[in-house]
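Notes for the one structure printed next.
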Amino acid sequence: MSDLLSLNRAARLVGVNRADLQKKVQSGEMSSFDGKVTISQLLLCFPDAQLEDTAELKRISQIKERAFGKRVFERALPDAEVLAARITELSKTLANSQMQLKQFNALLVKLWDKFGELEGQCDGESRARMESLKCWIKQEVASAMEPGFSNPLAIKDGILSVMTAQVTLLPSQQDFLVEGRDTLLEAAMRVGISLNYGCSGGNCGLCKGKVLSGQVKKTRHHDFSLSETEKEQGIVLMCSSTAVSDITLEAYVTGSVQEIPYQQIVATVKTHAALTDEVMLLHLQTPRSQRLRFLAGQNVSLRVGQSFSTELPIASCPCDDRNLLFHVRRHSGNLFSDYVFEHLKNGEVVEVEGPQGEFILHEKSERPLYFFAFDGGFAPIKSLVEHAMSLEVATIHLHWIASSQEQLYLPNVGRAWGDALDNFHYSEHTTGFDLRVSNAKREAQLLHHLQEMTAADPAMTRGDVYLAGPEAAIGVAEKFFLSQGMPKSRVFVEVVS
Ligand code: FES
């Protein structure tokens with residue numbers, strides 16, 4: 001077990017966000033080596049860290065569970081074979097340490113014999129010095145062997161190394177933990193890392209990765225999409241393998257919408273429920289073998305009934321690619337909306353095509369993130385926020401600006417995030433006029449509102465701004481932020497009608 005820990009692992013041990021540790025490293029409060037920290041450094045910075053002190057971690061896990069659904073964050077033991085391999089590894093380390101201790105004790109005995117031999121040849125003064133040296137050694141050995149001090153973080157790290165395995169991705173240098181019975185692909189998706197994949201079922205071969213070090217185990221028996229040469233080279237299917245030990249994996253991380261294939265999936269309605277008279281929450285589930293690969297903030301086309309179709313933003317996180325959420329607004333006369341509000345049944349088939357759209361998170365940016373949802377623009381913003389949370393970005397601000405109180409149709413989501421996460425700031429605003437309709441007076445009112453918000457938080461224009469909502473409101477907001485000197489490359493917009 002190495003004393004050097006990745007920030008992910010260190011954050012898990014002391015129960016804080018990875019971004020908090022990053023801040024400590026950047027400020028010099030904690031020294032790091034190659035982006036890693038030692039257990040002793042960690043204990044110096046978090047002297048109160050105890051084995052049971054996981055309150056913060058629990059708090060974050062709870063909010064993530066609420067945000068992403070239980071399935072995504074459920075904790076489960078690794079399978080018996082993986083567990084046995086990890087315990088064997090730990091036992092080897094323990095046996096080595098015991099052997100070293102035995103050798104150390106034998107060395108002490110030899111040292112004492114040597115002292116005895118030398119004492120016989122020494123004069124009185126040298127013998128006294130030797131006696132004092134022996135006393136000092138005895139005391140030091142006794143205090144080193146004293147039971148009582150056991151580094152709580154080292155104990156916790158031992159448990160963590162049995163329950164999880166760490167994956168370091170090359171060339172991106174990202175790392176993540178594999179928990180429970182997760183495959184490499186599932187574990188990466190949970191933390192917002194977008195690896196290349198297709199079927200998730202071991203058939204298409206799109207999720208190949210090369211194991212450079214460490215041990216993996218197949219979770220599916222068939223791997224016919226791999227040639228014998230590929231297997232010999234250590235290439236595995238990430239959707240069909242899990243990590244037994246810490247591993248280094250060469251795998252490509254997708255960064256652009258062009259790399260996501262266009263898909264056609266027949267999903268079913270899991271549930272649908274009215275959030276207000278005007279907004280319906282639609283939950284679709286894809287077949288297990290055909291999940292939707294998308295980036296947070298993207299749209300898909302949906303078709304129901306007698307081919308009533310529409311394009312909608314996905315209101316959930318790509319970390320759960322089987323369960324897709326949508327906020328359907330009532331548009332009188334729109335056949336899709338009429339069908340959903342009047343006739344749709346649970347279990348009914350919905351054809352999903354996509355994804356499309358470029359309103360995605362610019363993950364490489366280290367600036368604070370400011371999300372502005374105008375009315376129904378909350379749907380793609382929610383997807384982006386959930387993705388940003390799974391990436392554990394340092395600071396997230398979410399402003400929901402609504403025409404009326406009624407348009408804040410999921411107020412508890414933002415409030416719960418704000419309550420649970422220290423780095424998350426949520427606020428709601430109502431304008432008192434319909435944001436879909438533009439005129440000079442309303443434009444002036446909205447501008448005034450935005451001016452007040454930036455005056456209250458001047459750092460806003462130094463961050464990345466994501467705007468989603470009706471065209472009229474988005475146009476005003478985009479113009480406003482550009483007029484504040486923000487470059488176009490930091491203001492991202494999405495029209496949601
Ligand atoms: S995603 Fe198709 S084989 Fe892994």
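Going by the structure tokens order, chains are called A, B, ..., each with residues numbered from 1, while ligands are numbered from 1 in the order shown.
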
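For ligand 1, the neighbouring polymer residues at 6 Å or closer are Tyr197, Gly198, Cys199, Ser200, Gly201, Gly202, Asn203, Cys204, Gly205, Leu206, Cys207, Leu237, Met238 and Cys239 of chain A, only C-alpha atoms and all ligand atoms being used.
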
Keeping only N, CA and C atoms, take the residues you just selected and write them out as a PDB file, in the first residue's frame.
ATOM      1  N   TYR A 197     -17.948   4.420 -25.519  1.00  0.00           N
ATOM      2  CA  TYR A 197     -18.676   3.155 -25.385  1.00  0.00           C
ATOM      3  C   TYR A 197     -19.891   3.145 -26.301  1.00  0.00           C
ATOM      4  N   GLY A 198     -20.493   1.974 -26.405  1.00  0.00           N
ATOM      5  CA  GLY A 198     -21.667   1.845 -27.259  1.00  0.00           C
ATOM      6  C   GLY A 198     -22.778   1.103 -26.556  1.00  0.00           C
ATOM      7  N   CYS A 199     -22.712  -0.244 -26.620  1.00  0.00           N
ATOM      8  CA  CYS A 199     -23.835  -1.069 -26.169  1.00  0.00           C
ATOM      9  C   CYS A 199     -23.887  -1.297 -24.660  1.00  0.00           C
ATOM     10  N   SER A 200     -22.813  -1.100 -23.948  1.00  0.00           N
ATOM     11  CA  SER A 200     -22.682  -1.409 -22.500  1.00  0.00           C
ATOM     12  C   SER A 200     -22.856  -2.893 -22.207  1.00  0.00           C
ATOM     13  N   GLY A 201     -22.893  -3.710 -23.253  1.00  0.00           N
ATOM     14  CA  GLY A 201     -23.202  -5.119 -23.006  1.00  0.00           C
ATOM     15  C   GLY A 201     -22.168  -6.094 -23.541  1.00  0.00           C
ATOM     16  N   GLY A 202     -20.982  -5.604 -23.892  1.00  0.00           N
ATOM     17  CA  GLY A 202     -19.926  -6.518 -24.329  1.00  0.00           C
ATOM     18  C   GLY A 202     -20.022  -6.924 -25.787  1.00  0.00           C
ATOM     19  N   ASN A 203     -20.854  -6.230 -26.578  1.00  0.00           N
ATOM     20  CA  ASN A 203     -21.056  -6.674 -27.965  1.00  0.00           C
ATOM     21  C   ASN A 203     -20.383  -5.810 -29.030  1.00  0.00           C
ATOM     22  N   CYS A 204     -20.375  -4.488 -28.810  1.00  0.00           N
ATOM     23  CA  CYS A 204     -19.949  -3.609 -29.910  1.00  0.00           C
ATOM     24  C   CYS A 204     -18.444  -3.402 -29.987  1.00  0.00           C
ATOM     25  N   GLY A 205     -17.743  -3.572 -28.885  1.00  0.00           N
ATOM     26  CA  GLY A 205     -16.285  -3.411 -28.891  1.00  0.00           C
ATOM     27  C   GLY A 205     -15.817  -1.961 -28.855  1.00  0.00           C
ATOM     28  N   LEU A 206     -16.733  -1.022 -28.646  1.00  0.00           N
ATOM     29  CA  LEU A 206     -16.328   0.386 -28.668  1.00  0.00           C
ATOM     30  C   LEU A 206     -15.618   0.838 -27.389  1.00  0.00           C
ATOM     31  N   CYS A 207     -15.717   0.040 -26.347  1.00  0.00           N
ATOM     32  CA  CYS A 207     -15.192   0.497 -25.050  1.00  0.00           C
ATOM     33  C   CYS A 207     -13.842  -0.132 -24.715  1.00  0.00           C
ATOM     34  N   LEU A 237     -12.524  -4.995 -22.443  1.00  0.00           N
ATOM     35  CA  LEU A 237     -13.753  -4.225 -22.662  1.00  0.00           C
ATOM     36  C   LEU A 237     -14.096  -3.582 -21.321  1.00  0.00           C
ATOM     37  N   MET A 238     -14.155  -2.252 -21.296  1.00  0.00           N
ATOM     38  CA  MET A 238     -14.375  -1.575 -20.016  1.00  0.00           C
ATOM     39  C   MET A 238     -15.796  -1.781 -19.485  1.00  0.00           C
ATOM     40  N   CYS A 239     -16.741  -2.123 -20.381  1.00  0.00           N
ATOM     41  CA  CYS A 239     -18.107  -2.373 -19.908  1.00  0.00           C
ATOM     42  C   CYS A 239     -18.241  -3.771 -19.321  1.00  0.00           C
TER      43      CYS A 239
END

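By only C-alpha atoms, and with residues fewer than 6 positions from Lys364 (chain A) along its chain excluded, the set lying at most 12 Å from it is Ser172, Gln174, Gly255, Ala388, Leu391, Val393 and Asp464 of chain A.
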
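Nearest-residue note for Thr164 (chain A): choosing from A:Arg329, A:Arg127, A:Arg322, A:Arg12, the minimum distance belongs to A:Arg12, counting only C-alpha atoms.
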
**Item:** Among the residues A:Ser31, A:Arg190, A:Leu281, A:His425, the one that comes closest to Asp457 (chain A) [using only C-alpha atoms]
**Value:** A:His425

**Request:** Output as an MDAnalysis selection string all residues of region 243-452 of chain A that backbone DSSP marks as strand (DSSP E).
**Result:** chainID A and resid 243 247:250 263:274 279:285 299:304 308:313 323:329 349:356 369:374 396:402 424:430

**Prompt:** Tell me, which residues of region 85-262 of chain A carry DSSP helix (DSSP H, G or I), written as number ranges by chain?
**Reply:** A: 85-121, 124-145, 152-163, 184-190, 228-232, 238-240, 257-259

Please produce an output containing C-alpha atoms for each residue in the selection, written as a PDB file, in the first residue's frame.
ATOM      1  CA  ALA A  85      -7.981 -11.102  -4.287  1.00  0.00           C
ATOM      2  CA  ARG A  86      -7.814  -7.766  -2.469  1.00  0.00           C
ATOM      3  CA  ILE A  87      -7.690  -9.402   0.960  1.00  0.00           C
ATOM      4  CA  THR A  88      -4.930 -11.720  -0.311  1.00  0.00           C
ATOM      5  CA  GLU A  89      -2.945  -8.681  -1.443  1.00  0.00           C
ATOM      6  CA  LEU A  90      -3.460  -7.013   1.923  1.00  0.00           C
ATOM      7  CA  SER A  91      -2.441 -10.222   3.707  1.00  0.00           C
ATOM      8  CA  LYS A  92       0.791 -10.315   1.684  1.00  0.00           C
ATOM      9  CA  THR A  93       1.570  -6.743   2.776  1.00  0.00           C
ATOM     10  CA  LEU A  94       0.816  -7.687   6.378  1.00  0.00           C
ATOM     11  CA  ALA A  95       2.974 -10.833   6.167  1.00  0.00           C
ATOM     12  CA  ASN A  96       5.855  -8.761   4.735  1.00  0.00           C
ATOM     13  CA  SER A  97       5.550  -6.218   7.536  1.00  0.00           C
ATOM     14  CA  GLN A  98       5.518  -9.011  10.138  1.00  0.00           C
ATOM     15  CA  MET A  99       8.607 -10.556   8.571  1.00  0.00           C
ATOM     16  CA  GLN A 100      10.399  -7.212   8.612  1.00  0.00           C
ATOM     17  CA  LEU A 101       9.465  -6.770  12.275  1.00  0.00           C
ATOM     18  CA  LYS A 102      10.874 -10.197  13.102  1.00  0.00           C
ATOM     19  CA  GLN A 103      14.099  -9.371  11.287  1.00  0.00           C
ATOM     20  CA  PHE A 104      14.282  -6.071  13.121  1.00  0.00           C
ATOM     21  CA  ASN A 105      13.914  -7.853  16.476  1.00  0.00           C
ATOM     22  CA  ALA A 106      16.626 -10.351  15.496  1.00  0.00           C
ATOM     23  CA  LEU A 107      18.854  -7.417  14.562  1.00  0.00           C
ATOM     24  CA  LEU A 108      18.296  -5.887  17.998  1.00  0.00           C
ATOM     25  CA  VAL A 109      19.362  -9.152  19.661  1.00  0.00           C
ATOM     26  CA  LYS A 110      22.529  -9.212  17.521  1.00  0.00           C
ATOM     27  CA  LEU A 111      23.197  -5.582  18.394  1.00  0.00           C
ATOM     28  CA  TRP A 112      22.961  -6.391  22.097  1.00  0.00           C
ATOM     29  CA  ASP A 113      25.429  -9.256  21.644  1.00  0.00           C
ATOM     30  CA  LYS A 114      27.803  -6.887  19.846  1.00  0.00           C
ATOM     31  CA  PHE A 115      27.478  -4.380  22.675  1.00  0.00           C
ATOM     32  CA  GLY A 116      28.344  -7.181  25.121  1.00  0.00           C
ATOM     33  CA  GLU A 117      31.483  -8.072  23.157  1.00  0.00           C
ATOM     34  CA  LEU A 118      32.599  -4.445  22.919  1.00  0.00           C
ATOM     35  CA  GLU A 119      31.918  -3.680  26.574  1.00  0.00           C
ATOM     36  CA  GLY A 120      34.534  -6.262  27.559  1.00  0.00           C
ATOM     37  CA  GLN A 121      37.173  -4.423  25.550  1.00  0.00           C
ATOM     38  CA  GLY A 124      35.443   2.853  32.129  1.00  0.00           C
ATOM     39  CA  GLU A 125      34.510   6.095  30.298  1.00  0.00           C
ATOM     40  CA  SER A 126      33.663   4.334  27.018  1.00  0.00           C
ATOM     41  CA  ARG A 127      31.666   1.714  28.926  1.00  0.00           C
ATOM     42  CA  ALA A 128      29.590   4.492  30.551  1.00  0.00           C
ATOM     43  CA  ARG A 129      28.936   6.073  27.152  1.00  0.00           C
ATOM     44  CA  MET A 130      27.926   2.714  25.743  1.00  0.00           C
ATOM     45  CA  GLU A 131      25.610   2.171  28.686  1.00  0.00           C
ATOM     46  CA  SER A 132      23.905   5.504  28.026  1.00  0.00           C
ATOM     47  CA  LEU A 133      23.615   4.643  24.292  1.00  0.00           C
ATOM     48  CA  LYS A 134      21.979   1.305  25.210  1.00  0.00           C
ATOM     49  CA  CYS A 135      19.507   3.095  27.497  1.00  0.00           C
ATOM     50  CA  TRP A 136      18.608   5.522  24.730  1.00  0.00           C
ATOM     51  CA  ILE A 137      18.071   2.727  22.198  1.00  0.00           C
ATOM     52  CA  LYS A 138      15.902   0.801  24.694  1.00  0.00           C
ATOM     53  CA  GLN A 139      13.684   3.825  25.330  1.00  0.00           C
ATOM     54  CA  GLU A 140      13.334   4.641  21.624  1.00  0.00           C
ATOM     55  CA  VAL A 141      12.473   1.047  20.723  1.00  0.00           C
ATOM     56  CA  ALA A 142       9.975   0.840  23.598  1.00  0.00           C
ATOM     57  CA  SER A 143       8.226   4.027  22.528  1.00  0.00           C
ATOM     58  CA  ALA A 144       8.216   2.988  18.836  1.00  0.00           C
ATOM     59  CA  MET A 145       6.628  -0.344  19.770  1.00  0.00           C
ATOM     60  CA  PRO A 152      -6.714   6.587  11.694  1.00  0.00           C
ATOM     61  CA  LEU A 153      -6.221   7.549   8.067  1.00  0.00           C
ATOM     62  CA  ALA A 154      -3.860   4.625   7.452  1.00  0.00           C
ATOM     63  CA  ILE A 155      -6.511   2.279   8.901  1.00  0.00           C
ATOM     64  CA  LYS A 156      -9.193   3.846   6.769  1.00  0.00           C
ATOM     65  CA  ASP A 157      -6.975   3.615   3.687  1.00  0.00           C
ATOM     66  CA  GLY A 158      -6.554  -0.095   4.390  1.00  0.00           C
ATOM     67  CA  ILE A 159     -10.321  -0.552   4.434  1.00  0.00           C
ATOM     68  CA  LEU A 160     -10.707   1.579   1.320  1.00  0.00           C
ATOM     69  CA  SER A 161      -8.176  -0.538  -0.551  1.00  0.00           C
ATOM     70  CA  VAL A 162     -10.284  -3.639   0.162  1.00  0.00           C
ATOM     71  CA  MET A 163     -13.595  -2.001  -0.735  1.00  0.00           C
ATOM     72  CA  LEU A 184     -14.702   0.217 -15.202  1.00  0.00           C
ATOM     73  CA  LEU A 185     -17.159   2.001 -17.494  1.00  0.00           C
ATOM     74  CA  GLU A 186     -19.855   2.430 -14.828  1.00  0.00           C
ATOM     75  CA  ALA A 187     -17.360   3.700 -12.254  1.00  0.00           C
ATOM     76  CA  ALA A 188     -15.985   6.293 -14.693  1.00  0.00           C
ATOM     77  CA  MET A 189     -19.494   7.464 -15.593  1.00  0.00           C
ATOM     78  CA  ARG A 190     -20.406   7.976 -11.945  1.00  0.00           C
ATOM     79  CA  GLU A 228      -6.510 -12.862 -29.417  1.00  0.00           C
ATOM     80  CA  THR A 229      -3.718 -10.356 -30.144  1.00  0.00           C
ATOM     81  CA  GLU A 230      -5.659  -7.612 -28.352  1.00  0.00           C
ATOM     82  CA  LYS A 231      -6.175  -9.855 -25.341  1.00  0.00           C
ATOM     83  CA  GLU A 232      -2.450 -10.639 -25.236  1.00  0.00           C
ATOM     84  CA  MET A 238     -14.375  -1.575 -20.016  1.00  0.00           C
ATOM     85  CA  CYS A 239     -18.107  -2.373 -19.908  1.00  0.00           C
ATOM     86  CA  SER A 240     -17.280  -5.973 -19.068  1.00  0.00           C
ATOM     87  CA  VAL A 257     -20.318  16.263 -29.122  1.00  0.00           C
ATOM     88  CA  GLN A 258     -18.983  15.097 -32.507  1.00  0.00           C
ATOM     89  CA  GLU A 259     -17.639  11.958 -30.840  1.00  0.00           C
TER      90      GLU A 259
END

**Request:** Quick one: everything within 7 Å of region 208-223 of chain A, counting only C-alpha atoms, minus sequence neighbours fewer than 2 positions away in the same chain. Send it as an MDAnalysis selection string.
**Result:** chainID A and resid 202 205:206 225:226 234:238 240:251

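One distance worth recording is that between CA of Thr268 (chain A) and CA of Asn323 (chain A), which is 10.0 Å.
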
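Using only C-alpha atoms, the protein and nucleic acid residues lying no more than 12 Å from Lys488 (chain A), apart from those fewer than 3 places from it along its own chain, are Thr461, Asp464, Val465, Tyr466, Glu478, Lys479, Phe480, Phe481, Leu482, Ser483, Gln484, Gly485, Val491, Phe492 and Val493 of chain A.
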
Using N, CA and C atoms, can you export the residues from the last selection as a JSON list (two decimals), in the first residue's frame?
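As written to disk, selection.json reads:
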[["chain", "number", "residue", "atom", "x", "y", "z"],
["A", 461, "THR", "N", -18.81, 37.87, -13.46],
["A", 461, "THR", "CA", -18.30, 38.09, -14.81],
["A", 461, "THR", "C", -16.89, 37.52, -15.01],
["A", 464, "ASP", "N", -17.60, 31.26, -15.74],
["A", 464, "ASP", "CA", -18.22, 30.79, -16.98],
["A", 464, "ASP", "C", -19.73, 30.86, -16.77],
["A", 465, "VAL", "N", -20.45, 31.43, -17.75],
["A", 465, "VAL", "CA", -21.88, 31.64, -17.59],
["A", 465, "VAL", "C", -22.65, 30.74, -18.57],
["A", 466, "TYR", "N", -23.59, 29.98, -18.03],
["A", 466, "TYR", "CA", -24.44, 29.11, -18.84],
["A", 466, "TYR", "C", -25.87, 29.62, -18.74],
["A", 478, "GLU", "N", -27.65, 37.24, -22.71],
["A", 478, "GLU", "CA", -26.37, 37.08, -23.42],
["A", 478, "GLU", "C", -25.77, 38.45, -23.73],
["A", 479, "LYS", "N", -26.65, 39.33, -24.25],
["A", 479, "LYS", "CA", -26.18, 40.69, -24.58],
["A", 479, "LYS", "C", -25.60, 41.36, -23.33],
["A", 480, "PHE", "N", -26.30, 41.16, -22.21],
["A", 480, "PHE", "CA", -25.86, 41.80, -20.96],
["A", 480, "PHE", "C", -24.46, 41.33, -20.57],
["A", 481, "PHE", "N", -24.24, 40.01, -20.56],
["A", 481, "PHE", "CA", -22.93, 39.53, -20.09],
["A", 481, "PHE", "C", -21.80, 39.92, -21.05],
["A", 482, "LEU", "N", -22.11, 39.94, -22.36],
["A", 482, "LEU", "CA", -21.08, 40.35, -23.31],
["A", 482, "LEU", "C", -20.76, 41.84, -23.11],
["A", 483, "SER", "N", -21.80, 42.62, -22.77],
["A", 483, "SER", "CA", -21.58, 44.06, -22.56],
["A", 483, "SER", "C", -20.74, 44.32, -21.30],
["A", 484, "GLN", "N", -20.66, 43.31, -20.44],
["A", 484, "GLN", "CA", -19.85, 43.45, -19.22],
["A", 484, "GLN", "C", -18.38, 43.11, -19.48],
["A", 485, "GLY", "N", -18.06, 42.87, -20.74],
["A", 485, "GLY", "CA", -16.67, 42.59, -21.10],
["A", 485, "GLY", "C", -16.34, 41.10, -21.10],
["A", 491, "VAL", "N", -19.53, 32.56, -22.40],
["A", 491, "VAL", "CA", -20.98, 32.70, -22.23],
["A", 491, "VAL", "C", -21.64, 31.66, -23.15],
["A", 492, "PHE", "N", -22.31, 30.70, -22.56],
["A", 492, "PHE", "CA", -22.88, 29.58, -23.33],
["A", 492, "PHE", "C", -24.41, 29.67, -23.25],
["A", 493, "VAL", "N", -25.06, 29.53, -24.39],
["A", 493, "VAL", "CA", -26.52, 29.75, -24.40],
["A", 493, "VAL", "C", -27.28, 28.58, -25.02]]

**Asked** Which residues, written as number ranges by chain, have at least one atom at most 10 Å from Leu447 (chain A), with only C-alpha atoms counted and residues fewer than 4 positions away on the same chain left out?
**Response** A: 441-443, 451-453, 473, 476-477, 479-481

**Request:** Work out how far CA of Leu282 (chain A) is from CA of Ser307 (chain A), in Å to one decimal.
**Result:** 17.3 Å

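Across the model, the gap from CA of Gln173 (chain A) to CA of Gly297 (chain A) is 24.8 Å.
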